[in-house]
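Asks: To start, I am sharing the structure in question, which I have written as structure tokens.
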Number of protein chains: 2
Amino acid sequence: MMFRTAELGQKISKSEFREKVPVLRQELLEAQRKVRELAKFPVIIVFAGVNGAGKGEIINLLNAWMDPRWLVTHAYDLPSDEETERPEFWRFWRDLPATGRIGLFLSSWYSRPVLDRVHNQIAEAEFNNLLEKILKFEKALTDDGTLILKFWMHLSKKEQKKRLKELEKDELTRWRVKEVDWDNWRLYEKFEEAAERVIMKTSTGKSPWCIVEGSDRNFRSLTVGTIIRDEINKHLEKFERVGKVGHEAPAEDKTVETTASDTITQLKSTTVLDVMDMTLALTKKDYNKALRAWQAKLNELQRNALKKKLSTIILFEGPDASGKGGAVRRLTAAIDARHYQVIPIAAPTEEERAHHYLWRFWRHIPRAGRITIFDRSWYGRVLVERVEKLATEDQWRRAYAEINDFEQMLTDSGIVLIKFWMHVTKEEQYKRFKLREETPHKQWKLTDEDWRNREKWDDYVTAVNDIVEHTSTRVAPWDLIEGNDKRHARVKVIKTVCDRMEVALKGMAPSSDE
Amino acid sequence: MMFRTAELGQKISKSEFREKVPVLRQELLEAQRKVRELAKFPVIIVFAGVNGAGKGEIINLLNAWMDPRWLVTHAYDLPSDEETERPEFWRFWRDLPATGRIGLFLSSWYSRPVLDRVHNQIAEAEFNNLLEKILKFEKALTDDGTLILKFWMHLSKKEQKKRLKELEKDELTRWRVKEVDWDNWRLYEKFEEAAERVIMKTSTGKSPWCIVEGSDRNFRSLTVGTIIRDEINKHLEKFERVGKVGHEAPAEDKTVETTASDTITQLKSTTVLDVMDMTLALTKKDYNKALRAWQAKLNELQRNALKKKLSTIILFEGPDASGKGGAVRRLTAAIDARHYQVIPIAAPTEEERAHHYLWRFWRHIPRAGRITIFDRSWYGRVLVERVEKLATEDQWRRAYAEINDFEQMLTDSGIVLIKFWMHVTKEEQYKRFKLREETPHKQWKLTDEDWRNREKWDDYVTAVNDIVEHTSTRVAPWDLIEGNDKRHARVKVIKTVCDRMEVALKGMAPSSDE
């Protein structure tokens, strides 16, 4: 789910690529020269991800683009005798680049945990432990000043199949595709799940993962090259600014700073919101029929959930006038009032302000078998607070991990967590605002602030793309709802809730008739 | 093992206590007042540790010493219905103090992981996962500005027994001792092991554990009170210095700063080195006999280790002229030269300086079945580099965790890790220096630097006490060797190596005759 932002079909044309590459190569060489001359820190670049997404190719490209004398590439096969007789990380430590050098690592320390998890060789707890070891290893290095960049090269399942077929067709590349690649392709979902966990757990401020869409060769090459150039230059600046002696890391810089994912965003022309089909609609007749059926279903599921003590949390985010309230009412109409709570999130109370921002949400976690519906939620931190600069950059960047931890505690305890982004186009929103202005009983709904928020539309779009990239996980995915047609939106919402509850209830105790 | 520094019999006399307490109370009240008036952050104080070490009593004391209106105490029993229906951390989030308040937490989120581990309800990987959840929880709070202090109240097994007996004898306190307390006492070693892991994994720069010796009431009360006062004042200063608005944590302060354990050190009169019996000695006859027997044993064990692929790492630290070299030679004399390597650690080479400081040690990890002996080691970072200020405070403080991670990788991969601190008294060292000056063929061994190091004797003693507190674990304990008598020292070293190897070999494949 987290990879949705890397399945948008991003492309860079041949002409744009030809125009940009010579400049980029020059700048990469220059960055590499500076790293070598300053000789205060090494650079580690890790490539991992889906087979066929261009990991090996990009390493060849970097070797061609940069000065190969100061570039070392390390790929890891099964450990040798020498290596198996030592602790696992021995070979990685041995291969670490010295200060001033750049090391390219293919899969490396991420390879075994992912493969072992995919092939069920290790349980989840053990998987987490392995990832924690990696975290500590990387932390020891970054604390010491090392720059670590990590690229996750992504392809959708369909794209991967296409890519493997292409490689097989060409006589020159056929050797690259082995039976094991197809075996792994069949395990795509398991890979994706493990990859999601890896990225969530090992993306830290100092060594974040950059997820790169791998389907277009030009796009991925330019993206990776650009990020490497920018991150090396930023790291050099930090050292120059502090004028440190020795290869100690400069003190943490808490001021605003663009990150690798900002660079990706700049290169991107498309976001997850752009690929939604906003024309989806239902006739009144179809709507009435579907709504009635799904409401009956929801009522039944909720009574069942109560019996089985399955709790559900549903949250709504989306622009003003996107129809969140209306969708909430169609849900609650189907549930016994004793069994749900709607929590509208407005400005925090004084008591709430005196606590951590997550505290107010912890308070409203439902009792067993109940439903809590949040109309706006903890995502305020990374949406309105980010865009309106009510939270510092450091605060909202940190919030992704905090939110993931929070949501994992919820889902680990068995709660079904459903997250809706109710979307409308900018034009549709304008129409609705105008209608509100003209309709006396709806005027109260429209404030000056709504018009002001509209001016920051693009900032919100970027923020939404980022929350999907950072917080859409398999257990707590984002559901993007096409909201231009209210009827379509309401039915899709209630259907989604039913589907998720049904799956969870089945998981609890399969009944005999299934 | 890590608790050795809290088993020194520290005491504070009644008169000293009476003199100091009124001042401390005044200062605690003042600190509390400032926290309340600034109202920028909450304070969380966690008490955990051995039963009978005074956890409950100290909470009563703090309630008496401070203004109880702004102090909330939370103790946790089995979860209520309300609580079991929510994620585990719900009740802790609910109870978090607001900004300006101080919350005292008894065991709290540490209780279940430790008990479940001790009673074998969870495996080690799961235990680590629970600790990681705690880490994230505490990080979210400290990142937000919360001050978290954690006290581990310690008693040795013997002291705990004594304490429980005392409580039982007194009619007024008999109710405090339940059968479960004795059950737990019988599991003391398992508790200690779990506690060691908890402290190692959850002591971070922002929320460290303070291990407090709990056997003397006056000592523990004064220690805890003093640390609370100092840490609150330091935290207040940070906020005042930055003059921050909102309850955001001030940017990390990387400059030198005393920590809670420094405060403990100041209160202490005794270190682990002070309680060593430096009079231990062997006659020449006993020595010859013992040495010969242990060397034969070591030779046999090493041949066995080679067969079973059991690797061993032995490291020596200690003052100049403490007899490290002599002890190494008595070990190597018993082993086939093909199967061991002695690595003397001097100033790093240029290549080594261009890498992380641990890199040079990773290189020398033995192949399967071999022994590597380090004459001085990675502890240089927290000994000579600390005392001589060759490493920044930030670097050497961070090194404890890095070293623990490194050593855990070694022991996890099956390596036997033996760490010797060869100790001599300052007087004995003087005698040996003088002898070297006077003996022509030993003069090369004595340099001006040796005399200079001697001047920093007390700094080294503090550093040694700290390494034992931070890095002596059950799997990689420190062995302190009384080195005033070289014969005693050499035999104790070789015997320790034999014992550790024998245990490890038995663990691998119990032979039929045992």
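Ligands are numbered from 1 in the order shown, chains are lettered A, B, ... in the order of the structure tokens, and residues start at 1 in each chain.
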Apply DSSP to the backbone of this structure and, from region 50-279 of chain A, keep only the residues in strand (DSSP E or B); write these as a list in words.
Replies: Leu71, Val72, Thr73, His74, Ala75, Ile102, Gly103, Leu104, Phe105, Leu106, Leu147, Ile148, Leu149, Lys150, Phe151, Trp152, Met153, His154, Trp209, Cys210, Ile211, Val212 and Glu213 of chain A
Asks: Would you give me, as an MDAnalysis selection string, the residues of chain B that come within 6 Å of chain A, using only C-alpha atoms?
Replies: chainID B and resid 85 87 98:99 125:126 354:355 367:368 413
Asks: Between CA of Trp294 (chain B) and CA of Ile335 (chain B), measure the distance and give it in Å to one decimal.
Replies: 11.7 Å
Asks: Using only C-alpha atoms, pick whichever of A:Leu480, A:Ala504, A:Ile343, A:Leu315 has the shortest atom-to-atom distance to Arg4 (chain A).
Replies: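 Closest to Arg4 (chain A), using only C-alpha atoms: A:Leu480.
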Asks: I need the residues in region 33-129 of chain A that are alpha helix (DSSP H) according to DSSP; give them as an NGL selection string.
Replies: :A and (33-38 or 55-65 or 81-84 or 90-94 or 111-118 or 124-129)
Asks: What lies within 6 Å of Met2 (chain B) using only C-alpha atoms, ignoring chain neighbours under 5 positions off, as a VMD selection string?
Replies: chain B and resid 469 472 to 473
